[in-house]
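Asks: Mind having a look at this structure? Questions to follow.
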Amino acid sequence: MAAVLPSAGKQSQVSAQRKSRTGYFLLLPGMTWLAIFFAIPFVTLFMTSLQAPVAGKSGQYVPAFQVSNYPDALAEYWPQFLRSFLYAGIATGLALLIAYPLAYFIAFKAGRWRALMLVLVIAPSFASFLLRTYAWKTILSDEGFITSFFNALHLLPDDRILNTSIAVVAGLTYNFLPFMILPLYAALEKIDPRLLEASNDLYASAFTTFRKITWPLSLPGVVAGTLLTFIPAAGDYINSELLGSTQDRMIGNVIQTNFIEFRDYPTASALSFVLMAVILVMVFTYIRRAGTEDLV
Amino acid sequence: MANEGTHNVEDLHLQNLTKKFGEVAAVDDLTLTIPAGSFFALLGASGCGKTTTLRMVAGLEEPTSGSIHIGQNDITNLRAFQRPVNTVFQSYALFPHLDIFENVAFGLRRRKVKNIDAAVNSMLELVELAPMARRKPTQLSGGQQQRVAVARALINQPDVLLLDEPLGALDLKLRRQMQIELKRIQTEVGTTFVHVTHDQEEAMAMADTVAVMNAGRIEQMGHPADIYELPKTVFVANFLGQANLFAGVRTGTSSDSIEVVANGINFRVLSARNSAPSDEVIVGIRPEKMTILDLHDKETIPSGHNMLEGRVIDVSYAGVSTQYLVETTWGQNVTVFEQNVLVGDRSSVGDPVVLHWSPDHTFGLAGGETVLADTAQILAVGA
Amino acid sequence: MRWIKSKLLSVIAVLVLIYLFIPIAVVATLSFNKPEGKYNTSWNQFSLDAWTNICGVPGVCDSFMISVRIGIISTIFATILGTMIAFALVRYRFRGRATTNLLIFLPMTTPEVVMGASLLALFLNLRFPLGETTIIIAHIMFTISFVVVTVKARLQGMDPRLEEAARDLYASPRATFRYVTFPLVAPGIAGAALLGFSLSFDDFIISFFNAGTVVTFPIYIWGAAQRGIPVQVNALATLVFVVALLIVLTSQFVSYRKRKALEAGMSSDAAIAGANVKGLEAAMPRS
C-alpha cells in the first residue's frame, strides 16, 4: 500500500535543520541575555516585594519574607489598579473600533497603495511618543476647537477634556492604535477574498458576510491586537501624567512614584508583580488557545 | 557542437537504496543502473519516492541504507557540494539577488575555475539567452528561467544531470517546446540525464529508458514503446496510458499461447506476452488496439482474434479520435479509441457492437481481484 | 446612496490615517513657533529660531547625542544576538522550543513599567551603579525580541531550495551562507536594526527607571514637560521623524521599482509563447 508522504517542501526544511549542536550555540548568547536581564529580574522583583523596612531608617530595606506587603499595597492602591484596567479596556475597545475599518481597507481595498499605507500607519511611531502625547495638550486645550465643539453639545461633564479621564483614555487609544491596526491587518490579509465573493454569491448581504465570514476569520488578529494594546495601556503612566489630573492616576503612576520618589521598593515591587501576574494570566490563556509556535 | 573536452561519462549505479522517514519507506531497496549518456526518466505518481531518489543522488537527502556509485566511485558519503552531480529544481531556485550571468557562473566560481567568461557566454548561447545576461531572474519569463536553470547546472559538466519535474510550471505549448530543447541539448552534450516526472506522455516522449516507480520501488523499466506495449503489472498498465483489464483463469496452454476464460469468454494471450506466474491471469488490451464493429458485422472478424460483445453507452468525439464507452454483457465498462479515419462512420449510443483485437496486442498480467482494487486506490491517491 | 456606501470605507480609512498624523502635524508646526511664555502649547508667532539655533538650549543636544550613542551601541548588540536566535529558530533543531519562544515573546507584551521596575530591582540588589551602561543593558534586552521576529520572518520567507541549489553547485556550508543566505537575509537584518534603533531612541519608561543621573533625549523631554519644553526639542523630533520616514519610503520605492521590472518580464512571457509556436512550426519541416 502506498503511503502518503510528507510533501517535498517540508522535507527540505527539516533536513536542512542540521543535527549538530550549532543551534544551541546560536541561541546561547541572546537567550542568556534575556534570562539574566528579563527573567531573573522578576525573581529579584519578587524578592524585593517581600523586603521589610529597616526600623528607624526610611528608604532602606532588608531581605525578608514580609508577605503582608501584598495585601497592604493592594489595600492602598486597588482603585488605581481598577482604574488602569478600566481605562485600558475602554481604550482597547475604542482602538478596535477605529482600527478595524482601516485594517479592512488596507487588506481588501488598497491594492497597490497597500505598502504605502502600512508605512503611514507605522510612520507616526518615528516621532517621539512623549511629544506626540504632549501635543494632545495643544489639541485638546480648553480654548481649542475640539473642546469648544463638544462643550457646545454639552457632552462634557467637567466642561473640559484636558485633565480629565476622557483625555487620558483618548491618549491611550491614540498611542497604541498601531498595535491594534497591524495584527488586525495581518489576520485580514490572510482571508481569501474569494470567500467573500462566494458568500455574496450565496445570497448573503454585505453585513451578513462580515458577520459570518470576515469577523470570525479575523478573530486571531482581534485577539492578538487586543493583547498587544491592552497590556501596555494598562501599565502606562505617561498619558495619565500628561493629560490627566491627580484623580486619573493609574497603577503605572503609582509604581513609578513609589520607586523613584518614595523609594518604597517593596510596595512598588509588589504592585509590579501583581500587575505582571494578571498579564501573565491573560497571555497564558492566549497561548493555551493558540499554542507557542506562532508566538514569535 | 561537440562536448567540450573528452569527458568520460560513466554509469550511475544505485544499490539497495533505501530511505525511511520514521517507519515509512519512501524508497524501498532500490537497485538500478542508469547507462552513461542516456536520457532516463523516473516516472510515478506523487509520493512514489521518485523525488526522494533524485535528492539522494544529488546529496540533498541521506539514504538510510544502500549505496550510490558513479562508475567505480562511491559517492554515497560525499556531501552535495562534493559530488559531480547537478540538479535542475522544479521551482528553478535561481538566486534572485544575482543576475543571469552570475547565476550560471555560480558553480564555476565555487570551484575556483579561472577565465569563466567564455564558458558562461557560450552556455548562454546554447540556451539562447545571451542578451539576458545582466537581467535578474525575476525579470525573465518562466520558460527563460527554466533555461537558465538548465544552463547553470550543465555548465559544470556533471557526470549526471538531475531534473526534478522541471517542466511542471510551464503551459502546454512551452512545455512541448522545452521537451524538444532538452532532448536536443542532451544529445549534443552527451551527459546522463535523469528526469523525474509524473507526466507519462512527457517521460515517453523524451526518454531512452523509462522506469515506472510505485511505493518506493521500480515496477517496470525499459524503452518507452516496450513498456507501453507490454506492461508487466496492473499498475504500469493503468499508469501508462489506459488499459482494459479482465480478470480470469487460465484454462489451457498451447505451443505459443495460453487460453484464459474471463467472465465466460475465451481469450488468447501469447505466452511471450504473459507475465502471470499462476493460473490467475488478467487479460489486458489498450483501447486504441481495439476495433469496434456493428454486431451484425461479426463474421468479418479475422479468425484468431479476441472479441467481446456489448452495447455503446457513451460516445465522445475528440476531433482526432472518437472515444467509446461500451458496456459488456457482464456489466464492465470498456474504453475504445478509434481514430477518425473515415468521416461520419461512427457507432451511436445504444448500438449493439462487437469489439475485436489481435492476440499480438493482448498482454497477460499476474492476477487476483485484490490487485485491481489496490491499484485503483493507489492511482486515486496519486492523482 | 449606493455611492456613499461604497465610498464610506475609504473615507473612514483616510480619516483614521489623518487622526494618526494630527499630533505629528502639531509637533512639527510648533517647531516653527515662538511661544509666548514658557510653554509651547499654542501658536503665537512664526519663527525659525528653533531650527537655526537647534542646540541653543543647554542639555538638549547633549541628551540627543546620548540617545544616539546608546541607540547605536544597543542596536548593534541586539541585532547580532537577535539574528543568531532567529537563525537557530528557523534552521536548526534543538530542545525546549516552547520555552524559548515564550521567553522571546514575553518582553514584547510586558508593560514597560514592570520591565523597568524589575531591572531596577536587580541593579539595586546587586548594587550595580545606574548609568549609561544600565540603560544600554536594558535597551538590548527589550530590543532582541523585535529583532528575532523581524529576521525570522525574512528567513522563513526565503526559499529553502536556494540553499540546496547552492550546495548542489559546489558551495560549502560557509560559501552557501556567504553568497546566498546572508545577501538574502540582509534586508531583514537591516530592517530589524532600524526598528531596534527607533525603539531604543524613543524609549522613556525603562530608561527613566534605570538611568541614574544620565539624561537621554526622552528623559530630557519628560523633565522639561513641567517647566516648558524648548522649541528646539520639537525641531529635533521633527527632524528625526522626517529622516526616518525618508529612509522607509526610499526602501519602499526601491522594491516598488523591482516589482515593476518583474511585471515587465512577465508580459514578455506571452510574447515568448507566441514566438515559440512560430519556432516550433519552423522546426517541424526538418523532422
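All residue names refer to the C-alpha cells as shown: chains lettered A, B, ... in order, residues numbered from 1 in each chain, ligands numbered from 1 in order.
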Which chain B residues are at most 8 Å from chain A (counting only C-alpha atoms), as a PDB file with N, CA and C atoms, in the first residue's frame?

Replies:
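part_39.pdb, freshly written:
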ATOM      1  N   VAL B  24       8.037   4.773   7.667  1.00  0.00           N
ATOM      2  CA  VAL B  24       7.618   4.691   6.269  1.00  0.00           C
ATOM      3  C   VAL B  24       8.841   4.687   5.356  1.00  0.00           C
ATOM      4  N   ALA B  26      10.164   5.622   2.013  1.00  0.00           N
ATOM      5  CA  ALA B  26       9.853   6.371   0.811  1.00  0.00           C
ATOM      6  C   ALA B  26      10.490   5.714  -0.396  1.00  0.00           C
ATOM      7  N   GLY B  47       4.379  11.108  -4.381  1.00  0.00           N
ATOM      8  CA  GLY B  47       4.563  10.289  -3.189  1.00  0.00           C
ATOM      9  C   GLY B  47       5.123   8.913  -3.454  1.00  0.00           C
ATOM     10  N   CYS B  48       5.506   8.624  -4.720  1.00  0.00           N
ATOM     11  CA  CYS B  48       6.005   7.277  -5.014  1.00  0.00           C
ATOM     12  C   CYS B  48       7.478   7.133  -4.676  1.00  0.00           C
ATOM     13  N   THR B  51      11.137  11.648  -6.316  1.00  0.00           N
ATOM     14  CA  THR B  51      11.894  12.849  -5.956  1.00  0.00           C
ATOM     15  C   THR B  51      12.900  12.550  -4.850  1.00  0.00           C
ATOM     16  N   GLU B  61      19.726  14.499   0.412  1.00  0.00           N
ATOM     17  CA  GLU B  61      18.994  13.634   1.327  1.00  0.00           C
ATOM     18  C   GLU B  61      19.934  12.472   1.632  1.00  0.00           C
ATOM     19  N   ASN B 214       6.620   2.922  -8.031  1.00  0.00           N
ATOM     20  CA  ASN B 214       5.406   2.854  -7.231  1.00  0.00           C
ATOM     21  C   ASN B 214       5.776   2.445  -5.822  1.00  0.00           C
ATOM     22  N   ALA B 215       5.355   3.247  -4.841  1.00  0.00           N
ATOM     23  CA  ALA B 215       5.584   2.928  -3.427  1.00  0.00           C
ATOM     24  C   ALA B 215       7.037   2.603  -3.150  1.00  0.00           C
ATOM     25  N   ASP B 374      -6.392  -2.670  -5.267  1.00  0.00           N
ATOM     26  CA  ASP B 374      -5.242  -1.938  -4.705  1.00  0.00           C
ATOM     27  C   ASP B 374      -4.743  -0.875  -5.674  1.00  0.00           C
ATOM     28  N   ILE B 378      -4.292   3.158  -5.290  1.00  0.00           N
ATOM     29  CA  ILE B 378      -3.006   3.841  -5.422  1.00  0.00           C
ATOM     30  C   ILE B 378      -3.110   4.973  -6.441  1.00  0.00           C
TER      31      ILE B 378
END

Asks: Set the distance at 10 Å and use only C-alpha atoms: which residues neighbour A:Asp159 once local chain neighbours fewer than 3 positions away are removed? I'd like the list as a VMD selection string.

Replies: chain A and resid 142 147 to 148 150 to 152 154 to 156 162 164

Asks: Kindly export the residues of the current selection with C-alpha atoms, as a PDB file, in the first residue's frame.

Replies:
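Listed below is the output, again-v3.pdb:
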ATOM      1  CA  ASP A 142      -9.643  74.302  26.861  1.00  0.00           C
ATOM      2  CA  THR A 147     -13.184  71.145  23.412  1.00  0.00           C
ATOM      3  CA  SER A 148     -15.371  74.037  22.304  1.00  0.00           C
ATOM      4  CA  PHE A 150     -18.047  69.160  22.469  1.00  0.00           C
ATOM      5  CA  ASN A 151     -18.915  71.815  25.011  1.00  0.00           C
ATOM      6  CA  ALA A 152     -21.412  73.266  22.612  1.00  0.00           C
ATOM      7  CA  HIS A 154     -22.998  69.761  26.306  1.00  0.00           C
ATOM      8  CA  LEU A 155     -21.250  66.409  26.275  1.00  0.00           C
ATOM      9  CA  LEU A 156     -18.513  67.228  28.736  1.00  0.00           C
ATOM     10  CA  LEU A 162      -7.819  68.057  29.314  1.00  0.00           C
ATOM     11  CA  THR A 164      -9.899  64.539  32.845  1.00  0.00           C
TER      12      THR A 164
END

Asks: Would you mind listing, as a list in words, all residues of chain B that have at least one atom within 8 Å of chain C, where only C-alpha atoms are what counts?

Replies: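 For chain B, the answer reads Ala58, Gly59, Leu60, Ala80, Phe81, Gln82, Arg83, Val85, Asn86, Thr87, Phe89, Ala93, Leu94, Phe95, His97, Phe106, Gly107, Arg110, Arg111, Thr138, Gln139, Leu140, Ser141, Gly142, Gly143, Ala153, Lys173, Leu174 and Gln177 of chain B.
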
Asks: May I have the residues within 6 Å of stretch 202-215 of chain C as a tab-separated table (two decimals) with C-alpha atoms, in the first residue's frame, using only C-alpha atoms and disregarding those fewer than 4 positions away in the same chain?

Replies:
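Listed below is the output, selection01.tsv:
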chain	number	residue	atom	x	y	z
A	128	SER	CA	8.87	60.93	19.96
C	63	SER	CA	20.78	64.39	25.61
C	112	GLU	CA	7.45	48.89	30.37
C	116	GLY	CA	11.87	48.93	34.15
C	120	LEU	CA	15.93	48.44	38.72
C	130	LEU	CA	22.97	53.13	37.43
C	131	GLY	CA	24.05	55.00	34.33
C	135	ILE	CA	20.40	51.84	30.08
C	219	ILE	CA	14.20	61.85	29.77
C	220	TYR	CA	15.09	65.43	28.95

Asks: Would you give me, as a ChimeraX atom specification, the residues of chain A that come within 7 Å of chain C, using only C-alpha atoms?

Replies: /A:12-13,16-19,23-24,26-27,29-30,33-34,37-38,41-42,44-45,48,98,101-102,105,121,123-124,126-128,131-132,135-136,138,228,231-232,235,252,272,276,292,295-296

Asks: When you draw a straight line from atom CA of A:Glu189 to atom CA of A:Phe108, how long is it in Å?

Replies: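 Going from atom CA of A:Glu189 over to atom CA of A:Phe108, I get 7.3 Å.
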
Asks: Using DSSP secondary structure from the backbone, list all strand (DSSP E or B) positions within stretch 191-220 of chain B, as a short mmCIF file (atom, residue, chain, number, x, y, z; two decimals) with N, CA and C atoms, in the first residue's frame.

Replies:
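Below is the file result36.cif, written as the result:
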data_model
loop_
_atom_site.label_atom_id
_atom_site.label_comp_id
_atom_site.auth_asym_id
_atom_site.auth_seq_id
_atom_site.Cartn_x
_atom_site.Cartn_y
_atom_site.Cartn_z
N THR B 192 24.58 12.19 -18.90
CA THR B 192 23.46 11.37 -18.44
C THR B 192 22.41 12.28 -17.83
N PHE B 193 21.18 12.20 -18.34
CA PHE B 193 20.09 12.98 -17.76
C PHE B 193 19.18 12.03 -16.98
N VAL B 194 18.85 12.39 -15.75
CA VAL B 194 17.83 11.64 -15.02
C VAL B 194 16.66 12.59 -14.77
N HIS B 195 15.55 12.27 -15.38
CA HIS B 195 14.42 13.20 -15.39
C HIS B 195 13.29 12.59 -14.57
N VAL B 196 12.87 13.30 -13.54
CA VAL B 196 11.78 12.82 -12.69
C VAL B 196 10.49 13.52 -13.08
N THR B 197 9.43 12.74 -13.30
CA THR B 197 8.17 13.37 -13.70
C THR B 197 6.99 12.48 -13.36
N THR B 209 15.03 5.50 -21.76
CA THR B 209 14.58 4.47 -20.84
C THR B 209 13.65 5.09 -19.82
N VAL B 210 12.54 4.40 -19.57
CA VAL B 210 11.60 4.88 -18.56
C VAL B 210 11.49 3.85 -17.45
N ALA B 211 11.57 4.30 -16.20
CA ALA B 211 11.34 3.41 -15.06
C ALA B 211 10.09 3.88 -14.35
N VAL B 212 9.12 2.99 -14.20
CA VAL B 212 7.88 3.35 -13.52
C VAL B 212 8.02 2.99 -12.05
N MET B 213 7.82 4.01 -11.19
CA MET B 213 8.04 3.80 -9.78
C MET B 213 6.72 3.80 -9.02
N ASN B 214 6.62 2.92 -8.03
CA ASN B 214 5.41 2.85 -7.23
C ASN B 214 5.78 2.44 -5.82
N ARG B 217 9.39 1.53 -5.01
CA ARG B 217 10.05 0.50 -5.81
C ARG B 217 9.81 0.74 -7.29
N ILE B 218 10.69 0.15 -8.12
CA ILE B 218 10.51 0.23 -9.56
C ILE B 218 9.69 -0.96 -10.01
N GLU B 219 8.58 -0.68 -10.66
CA GLU B 219 7.73 -1.76 -11.10
C GLU B 219 8.19 -2.32 -12.43
N GLN B 220 8.56 -1.41 -13.33
CA GLN B 220 9.00 -1.87 -14.64
C GLN B 220 9.87 -0.82 -15.28
#
